[in-house]
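Text of entry-v4.cif, listed as mmCIF, C-alpha atoms:
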data_data
#
loop_
_atom_site.label_atom_id
_atom_site.label_comp_id
_atom_site.auth_asym_id
_atom_site.auth_seq_id
_atom_site.Cartn_x
_atom_site.Cartn_y
_atom_site.Cartn_z
CA MET A 232 117.85 110.12 104.66
CA LYS A 233 118.27 112.83 107.30
CA LYS A 234 117.18 116.37 106.56
CA ASP A 235 119.68 117.92 108.99
CA ILE A 236 122.46 117.87 106.43
CA GLN A 237 125.28 120.35 107.07
CA ASP A 238 125.91 123.17 104.59
CA GLU A 239 129.43 121.85 104.04
CA THR A 240 127.97 118.56 102.79
CA LEU A 241 125.72 120.36 100.30
CA ILE A 242 128.65 122.45 99.07
CA ALA A 243 130.86 119.36 98.72
CA LEU A 244 128.18 117.54 96.71
CA ARG A 245 127.64 120.55 94.46
CA ASP A 246 131.37 121.12 93.99
CA SER A 247 131.86 117.47 93.09
CA GLY A 248 129.47 117.92 90.16
CA HIS A 249 126.17 116.66 91.55
CA SER A 250 123.02 118.33 90.31
CA THR A 251 120.35 119.64 92.67
CA ARG A 252 118.17 116.67 91.71
CA GLN A 253 121.01 114.25 92.56
CA ILE A 254 121.64 115.99 95.87
CA GLU A 255 117.91 115.71 96.61
CA LYS A 256 118.03 111.95 96.07
CA VAL A 257 121.11 111.54 98.27
CA THR A 258 120.05 113.80 101.14
CA GLY A 259 116.26 113.70 101.12
CA ILE A 260 116.14 117.50 101.06
CA SER A 261 113.86 119.07 98.45
CA LYS A 262 115.44 120.72 95.41
CA SER A 263 114.00 124.11 96.32
CA VAL A 264 115.49 123.99 99.84
CA ILE A 265 118.85 122.86 98.45
CA ALA A 266 118.82 125.67 95.89
CA LYS A 267 117.98 128.28 98.56
CA ARG A 268 120.66 127.06 100.95
CA LEU A 269 123.32 126.89 98.26
CA LYS A 270 122.38 130.31 96.87
CA HIS A 271 123.05 131.96 100.23
CA LEU A 272 126.35 130.12 100.59
CA ALA A 273 127.73 130.89 97.16
CA PRO A 274 130.27 133.72 96.97
CA THR A 275 129.10 136.74 95.01
CA GLU A 276 130.95 139.62 93.41
CA THR A 277 130.10 141.70 96.48
CA THR A 278 131.56 139.01 98.75
CA ASP A 279 134.78 138.96 96.74
CA ILE A 280 135.05 142.76 96.82
CA PHE A 281 134.46 142.75 100.60
CA LYS A 282 137.10 140.07 101.16
CA GLU A 283 139.60 142.01 99.07
CA HIS A 284 138.98 145.29 100.91
CA LYS A 285 137.92 144.04 104.36
CA ALA A 286 140.82 145.66 106.23
CA ASP A 287 140.16 149.03 104.57
CA ILE A 288 136.44 148.75 105.36
CA LEU A 289 137.24 148.03 109.01
CA ALA A 290 139.66 150.99 109.13
CA GLN A 291 136.93 153.26 107.75
CA LYS A 292 134.50 151.95 110.38
CA GLN A 293 137.07 152.80 113.08
CA ARG A 294 137.35 156.37 111.78
CA GLN A 295 133.56 156.70 111.81
CA LEU A 296 133.42 155.45 115.39
CA LEU A 297 136.05 157.92 116.57
CA MET A 298 134.33 160.82 114.83
CA SER A 299 131.02 159.89 116.46
CA ALA A 300 132.53 159.79 119.96
CA LYS A 301 133.54 163.43 120.41
CA ASP A 302 130.23 164.71 121.83
CA LEU A 303 129.26 161.62 123.83
CA SER A 304 129.27 160.92 127.54
CA PRO A 305 132.28 159.11 129.02
CA LYS A 306 130.29 155.85 129.24
CA GLU A 307 129.28 156.12 125.60
CA GLN A 308 132.88 156.92 124.68
CA ARG A 309 134.02 153.76 126.48
CA ASP A 310 131.48 151.76 124.46
CA ILE A 311 132.84 153.34 121.27
CA ALA A 312 136.38 152.52 122.40
CA VAL A 313 135.45 148.86 122.88
CA ALA A 314 133.89 148.71 119.42
CA PHE A 315 136.94 150.48 118.01
CA GLY A 316 139.18 147.88 119.65
CA VAL A 317 137.22 145.02 118.10
CA TYR A 318 137.49 146.57 114.64
CA ALA A 319 141.18 147.35 115.20
CA ASP A 320 141.95 143.75 116.20
CA LYS A 321 140.16 142.39 113.16
CA GLU A 322 141.90 144.84 110.84
CA ASP A 323 145.31 144.00 112.33
CA ARG A 324 144.74 140.27 111.96
CA ILE A 325 143.70 140.70 108.32
CA ARG A 326 146.80 142.81 107.64
CA GLY A 327 149.01 140.36 109.56
CA LEU A 328 149.93 142.91 112.25
CA ASN A 329 150.26 142.46 115.99
CA PRO A 330 146.82 143.28 117.49
CA ASP A 331 148.26 143.87 120.97
CA VAL A 332 149.56 147.38 120.18
CA LYS A 333 146.42 149.50 119.70
CA PRO A 334 144.44 148.78 122.90
CA LEU A 335 146.83 150.94 124.95
CA ILE A 336 146.16 153.84 122.60
CA ILE A 337 142.41 153.37 123.02
CA ILE A 338 142.66 153.23 126.81
CA ASN A 339 144.69 156.46 126.81
CA GLN A 340 142.13 158.17 124.54
CA VAL A 341 139.27 157.19 126.86
CA LYS A 342 141.27 158.29 129.92
CA LEU A 343 141.97 161.69 128.35
CA SER A 344 138.31 162.05 127.53
CA GLU A 345 137.29 161.23 131.12
CA ASP A 346 139.82 163.74 132.47
CA LYS A 347 138.24 166.50 130.36
CA VAL A 348 134.78 165.71 131.76
CA SER A 349 135.92 165.67 135.41
#
Spit out the file's structure as structure tokens when you get a sec.
Amino acid sequence: MKKDIQDETLIALRDSGHSTRQIEKVTGISKSVIAKRLKHLAPTETTDIFKEHKADILAQKQRQLLMSAKDLSPKEQRDIAVAFGVYADKEDRIRGLNPDVKPLIIINQVKLSEDKVS
């Protein structure tokens, strides 16, 4: 049997009640490799906590980015603004908000910053 089995296949076999030994027989992948792959795919308590608080974590990351931008060059501030925008879009999607609102705010903040430098 092929050894290039997709992770989804391993998860489906495990979730349907197959043991590692049974999965080994079906897929031709060694038990130790199956166990390692499944271990990294299994949700953990930390994963569940992250999923539950992902939007808040992203919002905190945005605040950290903005605080780090105040003493940077305009180019570095633009880079921070781009990263901020990525985090803002992800946070908005998680919260079910329209992600098209914040980029204008970011552009204005960068523009103001560039005006101060000029």
*Could you tell me which residues the PyMOL selection byres ((chain A and resi 285) around 12) grabs in this file, written as a list of chain:residue names?*
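Those residues are A:Thr277, A:Thr278, A:Asp279, A:Ile280, A:Phe281, A:Lys282, A:Glu283, A:His284, A:Ala286, A:Asp287, A:Ile288, A:Leu289, A:Ala290, A:Gln291, A:Lys292, A:Tyr318, A:Ala319, A:Lys321, A:Glu322, A:Asp323, A:Arg324, A:Ile325, A:Arg326.
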*A:Gln293, A:Ser304, A:Thr240, A:Thr275: which is nearest A:Asp320, counting all atoms listed in the file?*
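Under the stated criterion, the closest residue is A:Gln293.
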*asked:* Just want the 12 Å neighbourhood of stretch 253-260 of chain A, counted on all atoms listed in the file, with same-chain residues fewer than 4 positions away dropped. Output as a PyMOL selection string.
replied: chain A and resi 232-238+240-249+264-269
_Computed interatomic separation between atom CA of A:Glu276 and atom CA of A:Lys262 (Å)_ =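 Calculated distance between atom CA of A:Glu276 and atom CA of A:Lys262 is 24.5 Å.
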_With the PyMOL selection byres ((chain A and resi 297) around 12) as the selection, what would be picked from this file? Answer as a list in words, please._
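For this structure, the PyMOL selection byres ((chain A and resi 297) around 12) resolves to Ala290, Gln291, Lys292, Gln293, Arg294, Gln295, Leu296, Met298, Ser299, Ala300, Lys301, Asp302, Leu303, Glu307, Gln308, Arg309, Asp310, Ile311, Ala312, Val313, Ala314, Phe315, Gly316, Tyr318, Ala319, Ile337, Gln340, Val341 and Ser344 of chain A.
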Would you place a box with edges along x, y and z of the file around all atoms of stretch 258-274 of chain A listed there, add 8 Å to each of its six sides, and report the centre and edge lengths in Å to one decimal, as JSON?
{"center_x": 122.1, "center_y": 123.7, "center_z": 98.3, "size_x": 32.4, "size_y": 36.0, "size_z": 21.7}
